[in-house]
file my_file.txt (compact mmCIF, N, CA and C atoms and all ligand atoms)
# COMPACT_ATOMS: atom_id res chain seq x y z
N MET A 1 75.40 123.73 59.53
CA MET A 1 74.90 123.51 60.90
C MET A 1 73.53 122.82 60.82
N SER A 2 73.47 121.57 61.15
CA SER A 2 72.27 120.78 60.90
C SER A 2 71.09 121.23 61.74
N ASP A 3 71.34 121.79 62.92
CA ASP A 3 70.22 122.18 63.77
C ASP A 3 69.95 123.69 63.73
N CYS A 4 70.51 124.37 62.76
CA CYS A 4 70.33 125.82 62.67
C CYS A 4 69.13 126.14 61.78
N ILE A 5 68.15 126.84 62.35
CA ILE A 5 66.90 127.12 61.63
C ILE A 5 67.15 127.98 60.39
N PHE A 6 68.09 128.93 60.47
CA PHE A 6 68.34 129.79 59.31
C PHE A 6 69.11 129.04 58.22
N CYS A 7 69.99 128.11 58.60
CA CYS A 7 70.63 127.26 57.58
C CYS A 7 69.59 126.41 56.88
N LYS A 8 68.56 126.00 57.61
CA LYS A 8 67.49 125.20 56.99
C LYS A 8 66.69 126.04 56.00
N ILE A 9 66.53 127.33 56.31
CA ILE A 9 65.86 128.22 55.35
C ILE A 9 66.72 128.38 54.10
N VAL A 10 68.05 128.55 54.28
CA VAL A 10 68.97 128.65 53.13
C VAL A 10 68.89 127.39 52.27
N ALA A 11 68.79 126.24 52.92
CA ALA A 11 68.75 124.96 52.21
C ALA A 11 67.39 124.69 51.57
N GLY A 12 66.38 125.48 51.94
CA GLY A 12 65.05 125.26 51.40
C GLY A 12 64.25 124.22 52.17
N ASP A 13 64.76 123.80 53.32
CA ASP A 13 64.06 122.78 54.11
C ASP A 13 62.92 123.36 54.96
N ILE A 14 63.00 124.68 55.24
CA ILE A 14 61.95 125.38 55.97
C ILE A 14 61.52 126.54 55.09
N PRO A 15 60.21 126.76 54.92
CA PRO A 15 59.78 127.86 54.06
C PRO A 15 60.02 129.23 54.70
N ALA A 16 60.20 130.22 53.86
CA ALA A 16 60.33 131.60 54.34
C ALA A 16 59.81 132.51 53.25
N ASP A 17 59.39 133.70 53.65
CA ASP A 17 58.90 134.68 52.69
C ASP A 17 60.10 135.49 52.21
N ILE A 18 60.74 135.00 51.16
CA ILE A 18 62.03 135.57 50.72
C ILE A 18 61.79 136.79 49.84
N VAL A 19 62.50 137.88 50.16
CA VAL A 19 62.34 139.11 49.38
C VAL A 19 63.59 139.44 48.55
N HIS A 20 64.70 138.81 48.85
CA HIS A 20 65.94 139.03 48.08
C HIS A 20 66.86 137.84 48.28
N GLU A 21 67.51 137.46 47.16
CA GLU A 21 68.53 136.40 47.26
C GLU A 21 69.64 136.71 46.27
N ASP A 22 70.88 136.54 46.70
CA ASP A 22 72.01 136.60 45.77
C ASP A 22 73.02 135.55 46.21
N ASP A 23 74.23 135.61 45.64
CA ASP A 23 75.19 134.53 45.93
C ASP A 23 75.64 134.52 47.39
N LYS A 24 75.55 135.66 48.08
CA LYS A 24 76.08 135.75 49.44
C LYS A 24 75.02 135.69 50.54
N VAL A 25 73.84 136.25 50.26
CA VAL A 25 72.84 136.44 51.33
C VAL A 25 71.44 136.05 50.92
N LEU A 26 70.62 135.90 51.95
CA LEU A 26 69.18 135.68 51.79
C LEU A 26 68.50 136.72 52.67
N VAL A 27 67.40 137.30 52.17
CA VAL A 27 66.62 138.25 52.96
C VAL A 27 65.17 137.76 52.97
N PHE A 28 64.60 137.66 54.16
CA PHE A 28 63.22 137.19 54.27
C PHE A 28 62.50 137.94 55.38
N LYS A 29 61.15 137.82 55.37
CA LYS A 29 60.35 138.52 56.37
C LYS A 29 60.45 137.80 57.71
N ASP A 30 60.59 138.57 58.78
CA ASP A 30 60.59 137.98 60.11
C ASP A 30 59.23 137.34 60.38
N ILE A 31 59.24 136.15 60.96
CA ILE A 31 58.01 135.40 61.20
C ILE A 31 57.15 136.07 62.28
N ASN A 32 57.77 136.89 63.10
CA ASN A 32 57.07 137.58 64.19
C ASN A 32 57.39 139.08 64.11
N PRO A 33 56.84 139.75 63.08
CA PRO A 33 57.25 141.15 62.82
C PRO A 33 56.92 142.09 63.97
N ARG A 34 57.88 142.91 64.38
CA ARG A 34 57.68 143.90 65.45
C ARG A 34 57.24 145.24 64.90
N THR A 35 57.42 145.45 63.60
CA THR A 35 57.05 146.71 62.95
C THR A 35 56.42 146.37 61.60
N GLN A 36 55.85 147.39 60.93
CA GLN A 36 55.18 147.13 59.64
C GLN A 36 56.10 146.40 58.67
N VAL A 37 57.34 146.88 58.61
CA VAL A 37 58.37 146.19 57.81
C VAL A 37 59.39 145.61 58.77
N HIS A 38 59.62 144.31 58.68
CA HIS A 38 60.62 143.66 59.53
C HIS A 38 61.26 142.54 58.72
N LEU A 39 62.45 142.83 58.20
CA LEU A 39 63.18 141.86 57.38
C LEU A 39 64.42 141.38 58.11
N LEU A 40 64.85 140.19 57.75
CA LEU A 40 66.10 139.64 58.27
C LEU A 40 67.03 139.36 57.10
N THR A 41 68.25 139.89 57.17
CA THR A 41 69.29 139.60 56.18
C THR A 41 70.28 138.64 56.80
N ILE A 42 70.47 137.50 56.16
CA ILE A 42 71.41 136.51 56.71
C ILE A 42 72.45 136.13 55.65
N PRO A 43 73.68 135.81 56.10
CA PRO A 43 74.64 135.25 55.16
C PRO A 43 74.24 133.81 54.84
N LYS A 44 74.51 133.37 53.61
CA LYS A 44 74.19 131.97 53.27
C LYS A 44 75.09 131.00 54.04
N GLN A 45 76.30 131.42 54.32
CA GLN A 45 77.20 130.57 55.12
C GLN A 45 76.84 130.73 56.60
N HIS A 46 77.01 129.67 57.37
CA HIS A 46 76.70 129.75 58.79
C HIS A 46 77.78 130.50 59.54
N ILE A 47 77.40 131.65 60.09
CA ILE A 47 78.26 132.42 61.00
C ILE A 47 77.40 132.64 62.23
N GLU A 48 77.93 132.29 63.39
CA GLU A 48 77.09 132.29 64.58
C GLU A 48 76.59 133.69 64.97
N SER A 49 77.51 134.64 64.97
CA SER A 49 77.13 135.99 65.40
C SER A 49 78.18 136.98 64.97
N LEU A 50 77.93 138.25 65.26
CA LEU A 50 78.90 139.31 64.96
C LEU A 50 80.22 139.07 65.68
N ALA A 51 80.17 138.33 66.78
CA ALA A 51 81.38 138.06 67.56
C ALA A 51 82.34 137.11 66.83
N GLU A 52 81.87 136.47 65.76
CA GLU A 52 82.71 135.53 65.01
C GLU A 52 83.35 136.17 63.78
N ILE A 53 83.02 137.43 63.54
CA ILE A 53 83.47 138.08 62.30
C ILE A 53 84.97 138.40 62.36
N ASP A 54 85.65 138.11 61.23
CA ASP A 54 87.07 138.47 61.12
C ASP A 54 87.32 139.06 59.73
N ASP A 55 88.60 139.28 59.39
CA ASP A 55 88.93 139.96 58.13
C ASP A 55 88.42 139.20 56.90
N SER A 56 88.26 137.91 57.02
CA SER A 56 87.80 137.12 55.86
C SER A 56 86.35 137.44 55.50
N HIS A 57 85.64 138.13 56.40
CA HIS A 57 84.24 138.45 56.15
C HIS A 57 84.02 139.89 55.68
N ASP A 58 85.11 140.60 55.37
CA ASP A 58 84.97 142.02 55.02
C ASP A 58 83.99 142.26 53.87
N GLN A 59 84.16 141.51 52.79
CA GLN A 59 83.30 141.70 51.61
C GLN A 59 81.84 141.37 51.94
N LEU A 60 81.66 140.28 52.64
CA LEU A 60 80.31 139.85 53.01
C LEU A 60 79.63 140.90 53.88
N MET A 61 80.35 141.40 54.89
CA MET A 61 79.74 142.36 55.82
C MET A 61 79.43 143.68 55.12
N ALA A 62 80.33 144.12 54.23
CA ALA A 62 80.06 145.35 53.47
C ALA A 62 78.81 145.15 52.62
N HIS A 63 78.71 143.99 52.02
CA HIS A 63 77.55 143.70 51.17
C HIS A 63 76.27 143.71 52.00
N MET A 64 76.30 143.07 53.15
CA MET A 64 75.10 142.99 53.99
C MET A 64 74.66 144.38 54.45
N ILE A 65 75.62 145.21 54.83
CA ILE A 65 75.29 146.56 55.32
C ILE A 65 74.78 147.44 54.17
N LYS A 66 75.48 147.40 53.03
CA LYS A 66 75.08 148.27 51.92
C LYS A 66 73.74 147.87 51.34
N LEU A 67 73.39 146.61 51.47
CA LEU A 67 72.10 146.12 50.96
C LEU A 67 70.91 146.73 51.70
N GLN A 68 71.11 147.17 52.93
CA GLN A 68 69.98 147.62 53.76
C GLN A 68 69.26 148.81 53.15
N GLN A 69 70.01 149.76 52.60
CA GLN A 69 69.36 150.94 52.02
C GLN A 69 68.54 150.56 50.79
N THR A 70 69.02 149.59 50.03
CA THR A 70 68.28 149.12 48.85
C THR A 70 66.99 148.44 49.28
N LEU A 71 67.08 147.59 50.29
CA LEU A 71 65.90 146.90 50.80
C LEU A 71 64.90 147.91 51.35
N ALA A 72 65.41 148.88 52.11
CA ALA A 72 64.54 149.89 52.72
C ALA A 72 63.78 150.66 51.63
N LYS A 73 64.48 151.05 50.57
CA LYS A 73 63.82 151.78 49.47
C LYS A 73 62.73 150.92 48.84
N LYS A 74 63.05 149.65 48.60
CA LYS A 74 62.06 148.75 47.97
C LYS A 74 60.85 148.53 48.87
N GLN A 75 61.05 148.66 50.18
CA GLN A 75 59.94 148.48 51.12
C GLN A 75 59.19 149.79 51.38
N GLY A 76 59.62 150.87 50.72
CA GLY A 76 58.94 152.15 50.85
C GLY A 76 59.29 152.93 52.10
N LEU A 77 60.45 152.64 52.66
CA LEU A 77 60.85 153.30 53.91
C LEU A 77 61.65 154.57 53.61
N GLU A 78 61.02 155.49 52.86
CA GLU A 78 61.74 156.70 52.43
C GLU A 78 62.16 157.57 53.62
N SER A 79 61.37 157.55 54.71
CA SER A 79 61.67 158.47 55.81
C SER A 79 62.70 157.91 56.78
N GLY A 80 63.11 156.66 56.57
CA GLY A 80 64.17 156.10 57.42
C GLY A 80 63.86 154.69 57.89
N PHE A 81 64.84 154.11 58.51
CA PHE A 81 64.71 152.72 58.97
C PHE A 81 65.69 152.47 60.10
N ARG A 82 65.48 151.34 60.79
CA ARG A 82 66.38 150.96 61.88
C ARG A 82 66.98 149.60 61.58
N THR A 83 68.26 149.45 61.84
CA THR A 83 68.91 148.15 61.72
C THR A 83 69.42 147.73 63.09
N ILE A 84 69.25 146.45 63.38
CA ILE A 84 69.68 145.92 64.68
C ILE A 84 70.40 144.59 64.44
N ILE A 85 71.52 144.41 65.11
CA ILE A 85 72.18 143.10 65.14
C ILE A 85 72.34 142.72 66.61
N ASN A 86 71.57 141.75 67.07
CA ASN A 86 71.71 141.26 68.43
C ASN A 86 72.84 140.24 68.48
N THR A 87 73.70 140.36 69.46
CA THR A 87 74.89 139.49 69.52
C THR A 87 75.00 138.83 70.88
N GLY A 88 74.90 137.50 70.87
CA GLY A 88 75.04 136.73 72.11
C GLY A 88 73.81 136.82 73.00
N LYS A 89 73.76 135.94 73.97
CA LYS A 89 72.61 135.91 74.89
C LYS A 89 72.41 137.24 75.58
N GLY A 90 73.51 137.86 76.00
CA GLY A 90 73.44 139.15 76.69
C GLY A 90 72.95 140.27 75.79
N GLY A 91 73.05 140.05 74.47
CA GLY A 91 72.58 141.05 73.51
C GLY A 91 71.19 140.74 72.98
N GLY A 92 70.56 139.71 73.54
CA GLY A 92 69.20 139.37 73.13
C GLY A 92 69.11 138.50 71.89
N GLN A 93 70.26 137.90 71.49
CA GLN A 93 70.23 137.02 70.31
C GLN A 93 69.53 135.71 70.65
N GLU A 94 68.59 135.30 69.79
CA GLU A 94 67.86 134.04 70.01
C GLU A 94 68.16 133.00 68.94
N VAL A 95 68.45 133.47 67.73
CA VAL A 95 68.84 132.55 66.65
C VAL A 95 70.33 132.78 66.38
N PHE A 96 71.12 131.72 66.57
CA PHE A 96 72.57 131.88 66.52
C PHE A 96 73.13 131.62 65.12
N HIS A 97 72.57 132.39 64.20
CA HIS A 97 73.08 132.52 62.83
C HIS A 97 72.95 134.01 62.54
N LEU A 98 74.09 134.65 62.29
CA LEU A 98 74.14 136.11 62.13
C LEU A 98 72.99 136.64 61.28
N HIS A 99 72.35 137.71 61.75
CA HIS A 99 71.29 138.34 60.95
C HIS A 99 71.17 139.81 61.31
N ILE A 100 70.82 140.59 60.30
CA ILE A 100 70.53 142.02 60.49
C ILE A 100 69.02 142.19 60.43
N HIS A 101 68.45 142.76 61.49
CA HIS A 101 67.04 143.14 61.47
C HIS A 101 66.93 144.49 60.74
N LEU A 102 66.00 144.57 59.79
CA LEU A 102 65.66 145.85 59.16
C LEU A 102 64.22 146.15 59.56
N LEU A 103 64.07 147.27 60.29
CA LEU A 103 62.77 147.62 60.87
C LEU A 103 62.34 148.99 60.38
N GLY A 104 61.03 149.14 60.15
CA GLY A 104 60.55 150.45 59.77
C GLY A 104 59.07 150.45 59.48
N GLY A 105 58.58 151.64 59.18
CA GLY A 105 57.19 151.78 58.77
C GLY A 105 56.28 152.37 59.81
N ASN A 106 56.72 152.53 61.01
CA ASN A 106 55.86 153.09 62.05
C ASN A 106 56.43 154.37 62.67
N ASN A 107 57.28 155.08 61.97
CA ASN A 107 57.96 156.22 62.60
C ASN A 107 58.51 155.80 63.95
N LEU A 108 59.50 154.98 63.93
CA LEU A 108 60.02 154.37 65.15
C LEU A 108 60.47 155.43 66.15
N PRO A 109 60.19 155.22 67.43
CA PRO A 109 60.62 156.17 68.45
C PRO A 109 62.13 156.09 68.65
N ALA A 110 62.69 157.17 69.17
CA ALA A 110 64.11 157.16 69.51
C ALA A 110 64.34 156.18 70.64
N PHE A 111 65.57 155.72 70.78
CA PHE A 111 65.90 154.84 71.90
C PHE A 111 65.68 155.58 73.22
N THR A 112 65.15 154.86 74.19
CA THR A 112 64.98 155.47 75.51
C THR A 112 65.85 154.71 76.51
N LYS A 113 66.13 155.36 77.61
CA LYS A 113 66.93 154.72 78.64
C LYS A 113 66.10 153.66 79.35
N GLU A 114 66.75 152.52 79.67
CA GLU A 114 66.01 151.44 80.35
C GLU A 114 65.73 151.79 81.78
P1 LIG B 201 67.31 137.56 67.43
O1 LIG B 201 66.60 137.75 68.73
O2 LIG B 201 68.08 138.76 67.00
O3 LIG B 201 68.13 136.28 67.38
O4 LIG B 201 66.15 137.44 66.34
C1 LIG B 201 65.70 136.24 65.80
C2 LIG B 201 64.54 136.58 64.92
O5 LIG B 201 64.26 135.48 64.08
C3 LIG B 201 63.25 136.87 65.71
O6 LIG B 201 62.80 138.19 65.39
C4 LIG B 201 62.29 135.80 65.21
O7 LIG B 201 60.96 136.27 65.10
C5 LIG B 201 62.88 135.41 63.87
N1 LIG B 201 62.59 134.05 63.41
C6 LIG B 201 62.73 132.90 64.11
N2 LIG B 201 62.40 131.86 63.34
C7 LIG B 201 62.06 132.35 62.12
C8 LIG B 201 61.62 131.77 60.88
N3 LIG B 201 61.47 130.46 60.75
N4 LIG B 201 61.35 132.59 59.85
C9 LIG B 201 61.49 133.92 59.97
N5 LIG B 201 61.91 134.53 61.09
C10 LIG B 201 62.19 133.76 62.15
ZN ZN B 202 73.07 128.60 60.34

call {"tool": "encode", "arguments": {"input": "my_file.txt", "output": "structure tokens", "more": "lines below"}}
Ligand code: AMP
Ligand code: ZN
result
Amino acid sequence: MSDCIFCKIVAGDIPADIVHEDDKVLVFKDINPRTQVHLLTIPKQHIESLAEIDDSHDQLMAHMIKLQQTLAKKQGLESGFRTIINTGKGGGQEVFHLHIHLLGGNNLPAFTKE
């Protein structure tokens, strides 16, 4: 996707503070962190959102989810962490390349009713 900012990060065309890379995913620091630790895990392949996921992505999705606990430990989030996947405009998604937010470090409050 030529106009996708996260594909440009995968390609090395835009810099990012990368904390993990393997054959399937890239993990980097969010440019506008909402919490002390705020990482984004993205697949190297362009997938628009969680709404595009099908059976062919099983291995990738398991890998992305299981990676979160490893990242959290490395970031010192022993007491816990929050993961968020925003999907679609109605879900607050702004970058249309699938990503998992990993948030922690401030004893995050429980969800409250809007
Ligand atoms: P979402 O609202 O779930 O689509 O989240 C997109 C996230 O990407 C936001 O938290 C942004 O701060 C973050 N973001 C946008 N551009 C960059 C970038 N170039 N490097 C790192 N994070 C970015
Ligand atoms: Zn992309």

call {"tool": "select_by_dssp", "arguments": {"input": "my_file.txt", "residues": "range 7-93 of chain A", "states": "helix (DSSP H, G or I)", "output": "NGL selection string"}}
result
:A and (7-11 or 50-52 or 55-74 or 89-91)

call {"tool": "residues_near_ligand", "arguments": {"input": "my_file.txt", "ligand": "ligand ZN 202 (chain B)", "cutoff": "7 Å", "atoms": "only N, CA and C atoms and all ligand atoms", "output": "list in words"}}
result
Met1, Asp3, Cys4, Ile5, Phe6, Cys7, Lys8, Gln45, His46, Ile47, Glu48, Phe96, His97 and Leu98 of chain A

call {"tool": "write_last_selection", "arguments": {"input": "my_file.txt", "atoms": "N, CA and C atoms", "output": "short mmCIF file (atom, residue, chain, number, x, y, z; two decimals), in the frame of the given file"}}
result
data_model
loop_
_atom_site.label_atom_id
_atom_site.label_comp_id
_atom_site.auth_asym_id
_atom_site.auth_seq_id
_atom_site.Cartn_x
_atom_site.Cartn_y
_atom_site.Cartn_z
N MET A 1 75.40 123.73 59.53
CA MET A 1 74.90 123.51 60.90
C MET A 1 73.53 122.82 60.82
N ASP A 3 71.34 121.79 62.92
CA ASP A 3 70.22 122.18 63.77
C ASP A 3 69.95 123.69 63.73
N CYS A 4 70.51 124.37 62.76
CA CYS A 4 70.33 125.82 62.67
C CYS A 4 69.13 126.14 61.78
N ILE A 5 68.15 126.84 62.35
CA ILE A 5 66.90 127.12 61.63
C ILE A 5 67.15 127.98 60.39
N PHE A 6 68.09 128.93 60.47
CA PHE A 6 68.34 129.79 59.31
C PHE A 6 69.11 129.04 58.22
N CYS A 7 69.99 128.11 58.60
CA CYS A 7 70.63 127.26 57.58
C CYS A 7 69.59 126.41 56.88
N LYS A 8 68.56 126.00 57.61
CA LYS A 8 67.49 125.20 56.99
C LYS A 8 66.69 126.04 56.00
N GLN A 45 76.30 131.42 54.32
CA GLN A 45 77.20 130.57 55.12
C GLN A 45 76.84 130.73 56.60
N HIS A 46 77.01 129.67 57.37
CA HIS A 46 76.70 129.75 58.79
C HIS A 46 77.78 130.50 59.54
N ILE A 47 77.40 131.65 60.09
CA ILE A 47 78.26 132.42 61.00
C ILE A 47 77.40 132.64 62.23
N GLU A 48 77.93 132.29 63.39
CA GLU A 48 77.09 132.29 64.58
C GLU A 48 76.59 133.69 64.97
N PHE A 96 71.12 131.72 66.57
CA PHE A 96 72.57 131.88 66.52
C PHE A 96 73.13 131.62 65.12
N HIS A 97 72.57 132.39 64.20
CA HIS A 97 73.08 132.52 62.83
C HIS A 97 72.95 134.01 62.54
N LEU A 98 74.09 134.65 62.29
CA LEU A 98 74.14 136.11 62.13
C LEU A 98 72.99 136.64 61.28
#

call {"tool": "closest_residue", "arguments": {"input": "my_file.txt", "among": "A:His99, A:Arg82, A:Lys74, A:Lys44", "to": "Ala11 in chain A", "atoms": "only C-alpha atoms"}}
result
A:Lys44

call {"tool": "closest_residue", "arguments": {"input": "my_file.txt", "among": "A:Asp13, A:Asp30, A:Thr35, A:Ser49", "to": "Val95 in chain A", "atoms": "only N, CA and C atoms"}}
result
A:Ser49

call {"tool": "residues_near_ligand", "arguments": {"input": "my_file.txt", "ligand": "ligand LIG 201 (chain B)", "cutoff": "8 Å", "atoms": "all atoms listed in the file", "output": "JSON, numbers by chain"}}
result
{"A": [5, 6, 9, 14, 15, 16, 17, 28, 29, 30, 31, 32, 33, 34, 39, 40, 84, 85, 86, 87, 88, 91, 92, 93, 94, 95, 96, 97, 98, 99, 100, 101]}

call {"tool": "atom_distance", "arguments": {"input": "my_file.txt", "atom1": "CA of Val25 in chain A", "atom2": "atom C of Gly104 in chain A"}}
result
21.3 Å

call {"tool": "select_by_dssp", "arguments": {"input": "my_file.txt", "residues": "range 41-92 of chain A", "states": "strand (DSSP E)", "output": "list in words"}}
result
Thr41, Ile42, Pro43, Arg82, Thr83 and Ile84 of chain A

call {"tool": "residues_around", "arguments": {"input": "my_file.txt", "residues": "range 61-72 of chain A", "least_positions_apart": "4", "cutoff": "8 Å", "atoms": "only N, CA and C atoms", "output": "VMD selection string"}}
result
chain A and resid 24 to 25 41 to 43 56 to 57 76 to 81 100 102

call {"tool": "atom_distance", "arguments": {"input": "my_file.txt", "atom1": "CA of Asp58 in chain A", "atom2": "atom N of Val10 in chain A"}}
result
21.6 Å

call {"tool": "atom_distance", "arguments": {"input": "my_file.txt", "atom1": "CA of Gln36 in chain A", "atom2": "atom N of Leu103 in chain A"}}
result
8.9 Å

call {"tool": "closest_residue", "arguments": {"input": "my_file.txt", "among": "A:His38, A:Leu50, A:Glu21, A:Leu26", "to": "Gly105 in chain A", "atoms": "only N, CA and C atoms"}}
result
A:His38

call {"tool": "build_atoms", "arguments": {"input": "my_file.txt", "residues": "range 35-53 of chain A", "atoms": "N, CA, C and O atoms", "output": "short mmCIF file (atom, residue, chain, number, x, y, z; two decimals), in the coordinates of the input"}}
result
data_model
loop_
_atom_site.label_atom_id
_atom_site.label_comp_id
_atom_site.auth_asym_id
_atom_site.auth_seq_id
_atom_site.Cartn_x
_atom_site.Cartn_y
_atom_site.Cartn_z
N THR A 35 57.42 145.45 63.60
CA THR A 35 57.05 146.71 62.95
C THR A 35 56.42 146.37 61.60
O THR A 35 56.45 145.21 61.17
N GLN A 36 55.85 147.39 60.93
CA GLN A 36 55.18 147.13 59.64
C GLN A 36 56.10 146.40 58.67
O GLN A 36 55.70 145.47 57.99
N VAL A 37 57.34 146.88 58.61
CA VAL A 37 58.37 146.19 57.81
C VAL A 37 59.39 145.61 58.77
O VAL A 37 59.92 146.33 59.63
N HIS A 38 59.62 144.31 58.68
CA HIS A 38 60.62 143.66 59.53
C HIS A 38 61.26 142.54 58.72
O HIS A 38 60.68 141.46 58.56
N LEU A 39 62.45 142.83 58.20
CA LEU A 39 63.18 141.86 57.38
C LEU A 39 64.42 141.38 58.11
O LEU A 39 64.96 142.08 58.97
N LEU A 40 64.85 140.19 57.75
CA LEU A 40 66.10 139.64 58.27
C LEU A 40 67.03 139.36 57.10
O LEU A 40 66.64 138.70 56.13
N THR A 41 68.25 139.89 57.17
CA THR A 41 69.29 139.60 56.18
C THR A 41 70.28 138.64 56.80
O THR A 41 70.85 138.94 57.86
N ILE A 42 70.47 137.50 56.16
CA ILE A 42 71.41 136.51 56.71
C ILE A 42 72.45 136.13 55.65
O ILE A 42 72.14 136.12 54.46
N PRO A 43 73.68 135.81 56.10
CA PRO A 43 74.64 135.25 55.16
C PRO A 43 74.24 133.81 54.84
O PRO A 43 73.67 133.12 55.70
N LYS A 44 74.51 133.37 53.61
CA LYS A 44 74.19 131.97 53.27
C LYS A 44 75.09 131.00 54.04
O LYS A 44 74.68 129.88 54.34
N GLN A 45 76.30 131.42 54.32
CA GLN A 45 77.20 130.57 55.12
C GLN A 45 76.84 130.73 56.60
O GLN A 45 76.39 131.80 57.02
N HIS A 46 77.01 129.67 57.37
CA HIS A 46 76.70 129.75 58.79
C HIS A 46 77.78 130.50 59.54
O HIS A 46 78.93 130.07 59.60
N ILE A 47 77.40 131.65 60.09
CA ILE A 47 78.26 132.42 61.00
C ILE A 47 77.40 132.64 62.23
O ILE A 47 76.27 133.12 62.13
N GLU A 48 77.93 132.29 63.39
CA GLU A 48 77.09 132.29 64.58
C GLU A 48 76.59 133.69 64.97
O GLU A 48 75.41 133.88 65.27
N SER A 49 77.51 134.64 64.97
CA SER A 49 77.13 135.99 65.40
C SER A 49 78.18 136.98 64.97
O SER A 49 79.23 136.60 64.40
N LEU A 50 77.93 138.25 65.26
CA LEU A 50 78.90 139.31 64.96
C LEU A 50 80.22 139.07 65.68
O LEU A 50 81.27 139.51 65.22
N ALA A 51 80.17 138.33 66.78
CA ALA A 51 81.38 138.06 67.56
C ALA A 51 82.34 137.11 66.83
O ALA A 51 83.50 136.97 67.26
N GLU A 52 81.87 136.47 65.76
CA GLU A 52 82.71 135.53 65.01
C GLU A 52 83.35 136.17 63.78
O GLU A 52 84.12 135.52 63.07
N ILE A 53 83.02 137.43 63.54
CA ILE A 53 83.47 138.08 62.30
C ILE A 53 84.97 138.40 62.36
O ILE A 53 85.47 138.87 63.38
#
